$ cat run-v8.pdb   # PDB, C-alpha atoms
ATOM      1  CA  MET A   1       6.214  -8.490  40.002  1.00  0.00           C
ATOM      2  CA  LYS A   2       7.791  -8.458  36.570  1.00  0.00           C
ATOM      3  CA  TYR A   3       9.906  -5.654  35.175  1.00  0.00           C
ATOM      4  CA  SER A   4      12.098  -4.558  32.342  1.00  0.00           C
ATOM      5  CA  LYS A   5      14.505  -1.693  31.927  1.00  0.00           C
ATOM      6  CA  ALA A   6      14.003   1.167  29.496  1.00  0.00           C
ATOM      7  CA  LYS A   7      15.943   4.201  28.393  1.00  0.00           C
ATOM      8  CA  GLN A   8      14.648   7.730  28.061  1.00  0.00           C
ATOM      9  CA  GLY A   9      14.015   8.702  24.452  1.00  0.00           C
ATOM     10  CA  ARG A  10      12.555  11.878  23.032  1.00  0.00           C
ATOM     11  CA  VAL A  11      10.295  14.206  25.001  1.00  0.00           C
ATOM     12  CA  PHE A  12       7.281  15.714  23.263  1.00  0.00           C
ATOM     13  CA  VAL A  13       5.078  18.602  24.357  1.00  0.00           C
ATOM     14  CA  LEU A  14       1.588  18.243  22.875  1.00  0.00           C
ATOM     15  CA  ARG A  15      -1.312  20.648  22.826  1.00  0.00           C
ATOM     16  CA  LEU A  16      -4.578  18.879  22.161  1.00  0.00           C
ATOM     17  CA  GLU A  17      -7.315  21.094  20.749  1.00  0.00           C
ATOM     18  CA  HIS A  18     -10.982  21.612  21.598  1.00  0.00           C
ATOM     19  CA  GLY A  19     -12.992  18.546  20.605  1.00  0.00           C
ATOM     20  CA  ASP A  20     -10.045  16.141  20.277  1.00  0.00           C
ATOM     21  CA  ILE A  21     -10.654  12.684  21.746  1.00  0.00           C
ATOM     22  CA  VAL A  22      -7.635  12.251  24.016  1.00  0.00           C
ATOM     23  CA  HIS A  23      -6.707   8.606  23.441  1.00  0.00           C
ATOM     24  CA  GLU A  24      -7.290   8.843  19.680  1.00  0.00           C
ATOM     25  CA  ALA A  25      -5.148  11.974  19.300  1.00  0.00           C
ATOM     26  CA  ILE A  26      -2.265  10.544  21.349  1.00  0.00           C
ATOM     27  CA  GLU A  27      -2.298   7.126  19.664  1.00  0.00           C
ATOM     28  CA  THR A  28      -2.350   8.769  16.214  1.00  0.00           C
ATOM     29  CA  PHE A  29       0.549  11.040  17.185  1.00  0.00           C
ATOM     30  CA  ALA A  30       2.552   8.085  18.518  1.00  0.00           C
ATOM     31  CA  SER A  31       2.012   6.138  15.291  1.00  0.00           C
ATOM     32  CA  GLU A  32       3.044   9.091  13.132  1.00  0.00           C
ATOM     33  CA  GLU A  33       6.193   9.793  15.205  1.00  0.00           C
ATOM     34  CA  GLY A  34       7.198   6.154  15.643  1.00  0.00           C
ATOM     35  CA  VAL A  35       6.776   6.222  19.426  1.00  0.00           C
ATOM     36  CA  ARG A  36       6.498   2.612  20.574  1.00  0.00           C
ATOM     37  CA  ALA A  37       6.339   3.157  24.349  1.00  0.00           C
ATOM     38  CA  ALA A  38       5.929   6.187  26.605  1.00  0.00           C
ATOM     39  CA  SER A  39       4.820   7.623  29.903  1.00  0.00           C
ATOM     40  CA  LEU A  40       2.525  10.650  29.855  1.00  0.00           C
ATOM     41  CA  THR A  41       1.099  13.386  32.041  1.00  0.00           C
ATOM     42  CA  ALA A  42      -1.848  15.604  31.170  1.00  0.00           C
ATOM     43  CA  VAL A  43      -3.507  18.788  32.416  1.00  0.00           C
ATOM     44  CA  GLY A  44      -6.372  20.731  30.926  1.00  0.00           C
ATOM     45  CA  GLY A  45     -10.108  20.545  30.488  1.00  0.00           C
ATOM     46  CA  ALA A  46     -12.547  17.744  29.664  1.00  0.00           C
ATOM     47  CA  ASP A  47     -15.775  18.637  27.909  1.00  0.00           C
ATOM     48  CA  ARG A  48     -19.334  17.738  28.781  1.00  0.00           C
ATOM     49  CA  GLY A  49     -20.208  14.266  27.510  1.00  0.00           C
ATOM     50  CA  SER A  50     -16.744  12.818  28.149  1.00  0.00           C
ATOM     51  CA  ILE A  51     -16.926   9.228  29.391  1.00  0.00           C
ATOM     52  CA  LEU A  52     -14.773   7.617  32.080  1.00  0.00           C
ATOM     53  CA  VAL A  53     -14.601   3.985  33.141  1.00  0.00           C
ATOM     54  CA  THR A  54     -14.931   4.184  36.923  1.00  0.00           C
ATOM     55  CA  GLY A  55     -14.532   0.563  37.907  1.00  0.00           C
ATOM     56  CA  PRO A  56     -16.102  -2.826  37.432  1.00  0.00           C
ATOM     57  CA  GLU A  57     -19.688  -3.423  38.535  1.00  0.00           C
ATOM     58  CA  ASP A  58     -18.443  -6.442  40.481  1.00  0.00           C
ATOM     59  CA  GLY A  59     -14.720  -6.887  41.124  1.00  0.00           C
ATOM     60  CA  ASN A  60     -15.113 -10.673  41.321  1.00  0.00           C
ATOM     61  CA  ALA A  61     -17.142 -11.145  38.131  1.00  0.00           C
ATOM     62  CA  SER A  62     -15.742 -12.605  34.951  1.00  0.00           C
ATOM     63  CA  PRO A  63     -15.950 -11.231  32.389  1.00  0.00           C
ATOM     64  CA  VAL A  64     -15.484  -7.747  33.821  1.00  0.00           C
ATOM     65  CA  VAL A  65     -18.457  -5.430  33.304  1.00  0.00           C
ATOM     66  CA  PRO A  66     -17.221  -1.812  33.378  1.00  0.00           C
ATOM     67  CA  MET A  67     -19.109   1.076  34.953  1.00  0.00           C
ATOM     68  CA  HIS A  68     -19.211   4.253  32.855  1.00  0.00           C
ATOM     69  CA  TYR A  69     -19.547   7.808  34.130  1.00  0.00           C
ATOM     70  CA  THR A  70     -20.450  10.659  31.759  1.00  0.00           C
ATOM     71  CA  LEU A  71     -19.311  14.174  32.693  1.00  0.00           C
ATOM     72  CA  ASP A  72     -22.349  16.450  32.870  1.00  0.00           C
ATOM     73  CA  ASP A  73     -20.336  19.628  32.317  1.00  0.00           C
ATOM     74  CA  VAL A  74     -16.804  20.933  31.747  1.00  0.00           C
ATOM     75  CA  HIS A  75     -14.234  19.642  34.267  1.00  0.00           C
ATOM     76  CA  GLU A  76     -10.615  20.467  35.108  1.00  0.00           C
ATOM     77  CA  VAL A  77      -8.397  17.405  34.649  1.00  0.00           C
ATOM     78  CA  SER A  78      -5.082  15.936  35.677  1.00  0.00           C
ATOM     79  CA  GLY A  79      -3.992  12.602  34.257  1.00  0.00           C
ATOM     80  CA  THR A  80      -1.183  10.129  33.952  1.00  0.00           C
ATOM     81  CA  GLY A  81      -0.712   7.129  31.742  1.00  0.00           C
ATOM     82  CA  THR A  82       1.390   4.755  29.716  1.00  0.00           C
ATOM     83  CA  LEU A  83       1.567   3.872  26.050  1.00  0.00           C
ATOM     84  CA  PHE A  84       2.667   0.436  24.799  1.00  0.00           C
ATOM     85  CA  PRO A  85       2.020  -1.454  21.564  1.00  0.00           C
ATOM     86  CA  ASP A  86      -0.505  -4.255  21.224  1.00  0.00           C
ATOM     87  CA  GLU A  87       0.172  -7.556  19.442  1.00  0.00           C
ATOM     88  CA  SER A  88      -0.006  -5.844  16.043  1.00  0.00           C
ATOM     89  CA  GLY A  89       2.372  -3.025  17.055  1.00  0.00           C
ATOM     90  CA  THR A  90      -0.386  -0.409  17.359  1.00  0.00           C
ATOM     91  CA  PRO A  91       0.218   2.070  20.218  1.00  0.00           C
ATOM     92  CA  VAL A  92      -2.415   1.693  22.957  1.00  0.00           C
ATOM     93  CA  LEU A  93      -2.825   4.394  25.609  1.00  0.00           C
ATOM     94  CA  HIS A  94      -3.816   3.520  29.172  1.00  0.00           C
ATOM     95  CA  MET A  95      -4.509   6.766  31.016  1.00  0.00           C
ATOM     96  CA  HIS A  96      -6.473   7.659  34.118  1.00  0.00           C
ATOM     97  CA  MET A  97      -7.728  11.168  34.843  1.00  0.00           C
ATOM     98  CA  ALA A  98      -9.057  12.929  37.877  1.00  0.00           C
ATOM     99  CA  CYS A  99     -11.818  15.280  36.733  1.00  0.00           C
ATOM    100  CA  GLY A 100     -13.060  18.004  39.076  1.00  0.00           C
ATOM    101  CA  ARG A 101     -15.782  20.643  39.063  1.00  0.00           C
ATOM    102  CA  LYS A 102     -16.641  22.837  42.046  1.00  0.00           C
ATOM    103  CA  ASP A 103     -16.378  20.582  45.100  1.00  0.00           C
ATOM    104  CA  THR A 104     -16.668  17.165  43.436  1.00  0.00           C
ATOM    105  CA  SER A 105     -14.345  14.953  41.449  1.00  0.00           C
ATOM    106  CA  VAL A 106     -14.387  11.647  39.650  1.00  0.00           C
ATOM    107  CA  THR A 107     -11.428   9.528  38.557  1.00  0.00           C
ATOM    108  CA  GLY A 108     -11.347   6.893  35.876  1.00  0.00           C
ATOM    109  CA  CYS A 109      -9.875   5.441  32.712  1.00  0.00           C
ATOM    110  CA  ILE A 110     -10.308   7.609  29.608  1.00  0.00           C
ATOM    111  CA  ARG A 111     -10.549   4.721  27.087  1.00  0.00           C
ATOM    112  CA  SER A 112     -14.288   5.238  26.471  1.00  0.00           C
ATOM    113  CA  GLY A 113     -13.736   8.770  25.187  1.00  0.00           C
ATOM    114  CA  VAL A 114     -12.633  11.952  26.950  1.00  0.00           C
ATOM    115  CA  LYS A 115     -13.153  15.020  24.789  1.00  0.00           C
ATOM    116  CA  VAL A 116     -10.882  18.056  25.207  1.00  0.00           C
ATOM    117  CA  TRP A 117     -12.475  21.317  26.328  1.00  0.00           C
ATOM    118  CA  GLN A 118     -10.432  24.222  24.929  1.00  0.00           C
ATOM    119  CA  ILE A 119      -6.943  22.712  25.380  1.00  0.00           C
ATOM    120  CA  MET A 120      -5.142  19.863  27.053  1.00  0.00           C
ATOM    121  CA  GLU A 121      -1.396  19.845  27.598  1.00  0.00           C
ATOM    122  CA  ILE A 122       0.408  16.519  27.367  1.00  0.00           C
ATOM    123  CA  ILE A 123       4.040  15.779  28.167  1.00  0.00           C
ATOM    124  CA  LEU A 124       5.060  12.505  26.528  1.00  0.00           C
ATOM    125  CA  HIS A 125       8.313  10.825  27.597  1.00  0.00           C
ATOM    126  CA  GLU A 126       9.334   8.207  25.071  1.00  0.00           C
ATOM    127  CA  LEU A 127      10.669   4.925  26.479  1.00  0.00           C
ATOM    128  CA  LYS A 128      13.326   3.139  24.418  1.00  0.00           C
ATOM    129  CA  ASP A 129      14.846  -0.338  24.568  1.00  0.00           C
ATOM    130  CA  THR A 130      11.871  -2.023  26.209  1.00  0.00           C
ATOM    131  CA  ASP A 131       9.988  -5.037  24.893  1.00  0.00           C
ATOM    132  CA  ALA A 132       6.933  -4.402  27.082  1.00  0.00           C
ATOM    133  CA  ALA A 133       3.663  -4.709  25.166  1.00  0.00           C
ATOM    134  CA  ARG A 134      -0.077  -5.062  25.699  1.00  0.00           C
ATOM    135  CA  THR A 135      -1.511  -8.483  24.974  1.00  0.00           C
ATOM    136  CA  TYR A 136      -5.105  -9.602  25.156  1.00  0.00           C
ATOM    137  CA  ASP A 137      -6.033 -11.559  28.277  1.00  0.00           C
ATOM    138  CA  ALA A 138      -9.171 -13.621  27.682  1.00  0.00           C
ATOM    139  CA  ALA A 139      -9.914 -14.072  31.399  1.00  0.00           C
ATOM    140  CA  SER A 140     -10.172 -10.329  32.107  1.00  0.00           C
ATOM    141  CA  GLY A 141     -10.991  -9.059  28.618  1.00  0.00           C
ATOM    142  CA  PHE A 142      -8.202  -6.462  28.968  1.00  0.00           C
ATOM    143  CA  LYS A 143      -5.072  -5.803  26.963  1.00  0.00           C
ATOM    144  CA  LEU A 144      -2.607  -6.301  29.822  1.00  0.00           C
ATOM    145  CA  LEU A 145       0.964  -5.048  30.021  1.00  0.00           C
ATOM    146  CA  CYS A 146       3.268  -8.008  29.431  1.00  0.00           C
ATOM    147  CA  ILE A 147       6.973  -7.907  30.093  1.00  0.00           C
TER     148      ILE A 147
END
$ encode --input "run-v8.pdb" --output "C-alpha cells"
Amino acid sequence: MKYSKAKQGRVFVLRLEHGDIVHEAIETFASEEGVRAASLTAVGGADRGSILVTGPEDGNASPVVPMHYTLDDVHEVSGTGTLFPDESGTPVLHMHMACGRKDTSVTGCIRSGVKVWQIMEIILHELKDTDAARTYDAASGFKLLCI
C-alpha cells in the first residue's frame, strides 16, 4: 500500500442537467474551478443508452479487454469516485455507479459515457496538498493512481 496525506479544500454542490455526460461535465467543472483532486458522491438518474464498464472479459489477459453494458432504460443511480490529474495536469474522473431499475441492478465504471436523466446531484470534496496523480501504465492500459 502507498499513501499520501491531503487536506480538505472547498466543497461544491453540483446539479448536472438532463443529457449531460457525467465524466465530461465534472472534468470540465474541475478544470474551470482549478480543482486538482477530489472525492465525489452522486445520486440521480442515468438515461437509456448510458454505457458502463462492467469488468474485464478475462481478468488474467493483457492487455485488458473491457466489457461494456448499455442501460436499456432509465435507471436510478448512486455513485462514488475520485478525481486526480493525469501527466498533463488534466483532471480525470474515476467513478463507479450502481444503476437500478425495478428488481435488477448493474454496477460499473462510468468512463464510457453515462448520460444524466433529468438531474444528477454531485457533492465534490476538493483535496488539497496532495501530489497524487494518474499516470499511464502500459501493462494494464489504465491511468493508475500514483502516489
$ closest_residue --input "run-v8.pdb" --among "A:Gly113, A:Gly34, A:Pro63, A:Gly100" --to "Pro85 (chain A)" --atoms "only C-alpha atoms"
A:Gly34
$ atom_distance --input "run-v8.pdb" --atom1 "CA of Val114 (chain A)" --atom2 "CA of Glu57 (chain A)"
20.5 Å
$ closest_residue --input "run-v8.pdb" --among "A:Thr82, A:Ser62, A:Gln118, A:Ser140" --to "Ile26 (chain A)" --atoms "only C-alpha atoms"
A:Thr82
$ residues_around --input "run-v8.pdb" --residues "Asp20 (chain A)" --least-positions-apart "6" --cutoff "9 Å" --atoms "only C-alpha atoms" --output "list in words"
Val114, Lys115, Val116, Trp117 and Ile119 of chain A
$ residues_near_point --input "run-v8.pdb" --point "(-8.2, 23.3, 25.5)" --cutoff "12 Å" --atoms "only C-alpha atoms" --output "list in words"
Leu14, Arg15, Leu16, Glu17, His18, Gly19, Asp20, Ile21, Val22, Ala42, Val43, Gly44, Gly45, Ala46, Asp47, Val74, His75, Glu76, Val77, Lys115, Val116, Trp117, Gln118, Ile119, Met120, Glu121 and Ile122 of chain A
$ write_last_selection --input "run-v8.pdb" --atoms "C-alpha atoms" --output "PDB file, in the coordinates of the input"
ATOM      1  CA  LEU A  14       1.588  18.243  22.875  1.00  0.00           C
ATOM      2  CA  ARG A  15      -1.312  20.648  22.826  1.00  0.00           C
ATOM      3  CA  LEU A  16      -4.578  18.879  22.161  1.00  0.00           C
ATOM      4  CA  GLU A  17      -7.315  21.094  20.749  1.00  0.00           C
ATOM      5  CA  HIS A  18     -10.982  21.612  21.598  1.00  0.00           C
ATOM      6  CA  GLY A  19     -12.992  18.546  20.605  1.00  0.00           C
ATOM      7  CA  ASP A  20     -10.045  16.141  20.277  1.00  0.00           C
ATOM      8  CA  ILE A  21     -10.654  12.684  21.746  1.00  0.00           C
ATOM      9  CA  VAL A  22      -7.635  12.251  24.016  1.00  0.00           C
ATOM     10  CA  ALA A  42      -1.848  15.604  31.170  1.00  0.00           C
ATOM     11  CA  VAL A  43      -3.507  18.788  32.416  1.00  0.00           C
ATOM     12  CA  GLY A  44      -6.372  20.731  30.926  1.00  0.00           C
ATOM     13  CA  GLY A  45     -10.108  20.545  30.488  1.00  0.00           C
ATOM     14  CA  ALA A  46     -12.547  17.744  29.664  1.00  0.00           C
ATOM     15  CA  ASP A  47     -15.775  18.637  27.909  1.00  0.00           C
ATOM     16  CA  VAL A  74     -16.804  20.933  31.747  1.00  0.00           C
ATOM     17  CA  HIS A  75     -14.234  19.642  34.267  1.00  0.00           C
ATOM     18  CA  GLU A  76     -10.615  20.467  35.108  1.00  0.00           C
ATOM     19  CA  VAL A  77      -8.397  17.405  34.649  1.00  0.00           C
ATOM     20  CA  LYS A 115     -13.153  15.020  24.789  1.00  0.00           C
ATOM     21  CA  VAL A 116     -10.882  18.056  25.207  1.00  0.00           C
ATOM     22  CA  TRP A 117     -12.475  21.317  26.328  1.00  0.00           C
ATOM     23  CA  GLN A 118     -10.432  24.222  24.929  1.00  0.00           C
ATOM     24  CA  ILE A 119      -6.943  22.712  25.380  1.00  0.00           C
ATOM     25  CA  MET A 120      -5.142  19.863  27.053  1.00  0.00           C
ATOM     26  CA  GLU A 121      -1.396  19.845  27.598  1.00  0.00           C
ATOM     27  CA  ILE A 122       0.408  16.519  27.367  1.00  0.00           C
TER      28      ILE A 122
END
$ axis_aligned_box --input "run-v8.pdb" --around "region 126-143 of chain A" --padding-each-side "5 Å" --output "lines of an AutoDock Vina configuration file"
center_x = 1.9
center_y = -2.9
center_z = 28.3
size_x = 35.8
size_y = 32.3
size_z = 17.7
$ residues_near_point --input "run-v8.pdb" --point "(-3.8, -6.9, 28.8)" --cutoff "12 Å" --atoms "all atoms listed in the file" --output "compact mmCIF listing (two decimals) with C-alpha atoms, in the coordinates of the input"
# COMPACT_ATOMS: atom_id res chain seq x y z
CA PHE A 84 2.67 0.44 24.80
CA PRO A 85 2.02 -1.45 21.56
CA ASP A 86 -0.50 -4.26 21.22
CA GLU A 87 0.17 -7.56 19.44
CA VAL A 92 -2.42 1.69 22.96
CA LEU A 93 -2.82 4.39 25.61
CA HIS A 94 -3.82 3.52 29.17
CA ALA A 132 6.93 -4.40 27.08
CA ALA A 133 3.66 -4.71 25.17
CA ARG A 134 -0.08 -5.06 25.70
CA THR A 135 -1.51 -8.48 24.97
CA TYR A 136 -5.11 -9.60 25.16
CA ASP A 137 -6.03 -11.56 28.28
CA ALA A 138 -9.17 -13.62 27.68
CA ALA A 139 -9.91 -14.07 31.40
CA SER A 140 -10.17 -10.33 32.11
CA GLY A 141 -10.99 -9.06 28.62
CA PHE A 142 -8.20 -6.46 28.97
CA LYS A 143 -5.07 -5.80 26.96
CA LEU A 144 -2.61 -6.30 29.82
CA LEU A 145 0.96 -5.05 30.02
CA CYS A 146 3.27 -8.01 29.43
CA ILE A 147 6.97 -7.91 30.09
$ resolve_selection --input "run-v8.pdb" --expression "the PyMOL selection byres ((chain A and resi 38) around 12)" --output "PyMOL selection string"
chain A and resi 6-12+26-27+29-31+33-37+39-41+80-85+91-95+122-130+132-133
$ write_last_selection --input "run-v8.pdb" --atoms "C-alpha atoms" --output "compact mmCIF listing (two decimals), in the coordinates of the input"
# COMPACT_ATOMS: atom_id res chain seq x y z
CA ALA A 6 14.00 1.17 29.50
CA LYS A 7 15.94 4.20 28.39
CA GLN A 8 14.65 7.73 28.06
CA GLY A 9 14.02 8.70 24.45
CA ARG A 10 12.56 11.88 23.03
CA VAL A 11 10.30 14.21 25.00
CA PHE A 12 7.28 15.71 23.26
CA ILE A 26 -2.26 10.54 21.35
CA GLU A 27 -2.30 7.13 19.66
CA PHE A 29 0.55 11.04 17.18
CA ALA A 30 2.55 8.09 18.52
CA SER A 31 2.01 6.14 15.29
CA GLU A 33 6.19 9.79 15.20
CA GLY A 34 7.20 6.15 15.64
CA VAL A 35 6.78 6.22 19.43
CA ARG A 36 6.50 2.61 20.57
CA ALA A 37 6.34 3.16 24.35
CA SER A 39 4.82 7.62 29.90
CA LEU A 40 2.52 10.65 29.86
CA THR A 41 1.10 13.39 32.04
CA THR A 80 -1.18 10.13 33.95
CA GLY A 81 -0.71 7.13 31.74
CA THR A 82 1.39 4.76 29.72
CA LEU A 83 1.57 3.87 26.05
CA PHE A 84 2.67 0.44 24.80
CA PRO A 85 2.02 -1.45 21.56
CA PRO A 91 0.22 2.07 20.22
CA VAL A 92 -2.42 1.69 22.96
CA LEU A 93 -2.82 4.39 25.61
CA HIS A 94 -3.82 3.52 29.17
CA MET A 95 -4.51 6.77 31.02
CA ILE A 122 0.41 16.52 27.37
CA ILE A 123 4.04 15.78 28.17
CA LEU A 124 5.06 12.50 26.53
CA HIS A 125 8.31 10.82 27.60
CA GLU A 126 9.33 8.21 25.07
CA LEU A 127 10.67 4.92 26.48
CA LYS A 128 13.33 3.14 24.42
CA ASP A 129 14.85 -0.34 24.57
CA THR A 130 11.87 -2.02 26.21
CA ALA A 132 6.93 -4.40 27.08
CA ALA A 133 3.66 -4.71 25.17
$ atom_distance --input "run-v8.pdb" --atom1 "CA of Val13 (chain A)" --atom2 "CA of Cys109 (chain A)"
21.6 Å
$ atom_distance --input "run-v8.pdb" --atom1 "CA of His96 (chain A)" --atom2 "CA of Asp131 (chain A)"
22.7 Å
$ closest_residue --input "run-v8.pdb" --among "A:Gly79, A:Gly108, A:Gly89, A:Gly49" --to "Met67 (chain A)" --atoms "all atoms listed in the file"
A:Gly108
$ resolve_selection --input "run-v8.pdb" --expression "the PyMOL selection byres ((chain A and resi 68) around 7)" --output "PyMOL selection string"
chain A and resi 51-54+66-67+69-70
$ build_atoms --input "run-v8.pdb" --residues "region 24-44 of chain A" --atoms "N, CA and C atoms" --output "short mmCIF file (atom, residue, chain, number, x, y, z; two decimals), in the frame of the given file"
data_model
loop_
_atom_site.label_atom_id
_atom_site.label_comp_id
_atom_site.auth_asym_id
_atom_site.auth_seq_id
_atom_site.Cartn_x
_atom_site.Cartn_y
_atom_site.Cartn_z
N GLU A 24 -7.45 8.91 21.14
CA GLU A 24 -7.29 8.84 19.68
C GLU A 24 -6.18 9.77 19.20
N ALA A 25 -6.16 11.00 19.71
CA ALA A 25 -5.15 11.97 19.30
C ALA A 25 -3.74 11.50 19.68
N ILE A 26 -3.58 10.98 20.89
CA ILE A 26 -2.26 10.54 21.35
C ILE A 26 -1.80 9.30 20.60
N GLU A 27 -2.68 8.34 20.39
CA GLU A 27 -2.30 7.13 19.66
C GLU A 27 -1.94 7.44 18.21
N THR A 28 -2.67 8.36 17.58
CA THR A 28 -2.35 8.77 16.21
C THR A 28 -0.99 9.45 16.17
N PHE A 29 -0.74 10.36 17.11
CA PHE A 29 0.55 11.04 17.18
C PHE A 29 1.68 10.03 17.35
N ALA A 30 1.51 9.09 18.26
CA ALA A 30 2.55 8.09 18.52
C ALA A 30 2.84 7.28 17.26
N SER A 31 1.81 6.88 16.53
CA SER A 31 2.01 6.14 15.29
C SER A 31 2.79 6.96 14.27
N GLU A 32 2.40 8.22 14.11
CA GLU A 32 3.04 9.09 13.13
C GLU A 32 4.50 9.36 13.47
N GLU A 33 4.83 9.47 14.77
CA GLU A 33 6.19 9.79 15.20
C GLU A 33 7.04 8.56 15.50
N GLY A 34 6.44 7.38 15.38
CA GLY A 34 7.20 6.15 15.64
C GLY A 34 7.49 5.93 17.12
N VAL A 35 6.62 6.44 17.98
CA VAL A 35 6.78 6.22 19.43
C VAL A 35 6.15 4.87 19.76
N ARG A 36 6.97 3.96 20.24
CA ARG A 36 6.50 2.61 20.57
C ARG A 36 5.99 2.53 22.02
N ALA A 37 6.69 3.20 22.93
CA ALA A 37 6.34 3.16 24.35
C ALA A 37 6.59 4.52 24.97
N ALA A 38 5.79 4.87 25.99
CA ALA A 38 5.93 6.19 26.60
C ALA A 38 5.21 6.24 27.94
N SER A 39 5.60 7.24 28.74
CA SER A 39 4.82 7.62 29.90
C SER A 39 4.31 9.04 29.62
N LEU A 40 3.15 9.37 30.18
CA LEU A 40 2.52 10.65 29.86
C LEU A 40 1.91 11.30 31.08
N THR A 41 1.87 12.61 31.07
CA THR A 41 1.10 13.39 32.04
C THR A 41 0.24 14.36 31.26
N ALA A 42 -0.90 14.73 31.85
CA ALA A 42 -1.85 15.60 31.17
C ALA A 42 -2.48 16.58 32.15
N VAL A 43 -2.71 17.80 31.68
CA VAL A 43 -3.51 18.79 32.42
C VAL A 43 -4.35 19.54 31.40
N GLY A 44 -5.52 19.97 31.83
CA GLY A 44 -6.37 20.73 30.93
C GLY A 44 -7.82 20.60 31.30
#
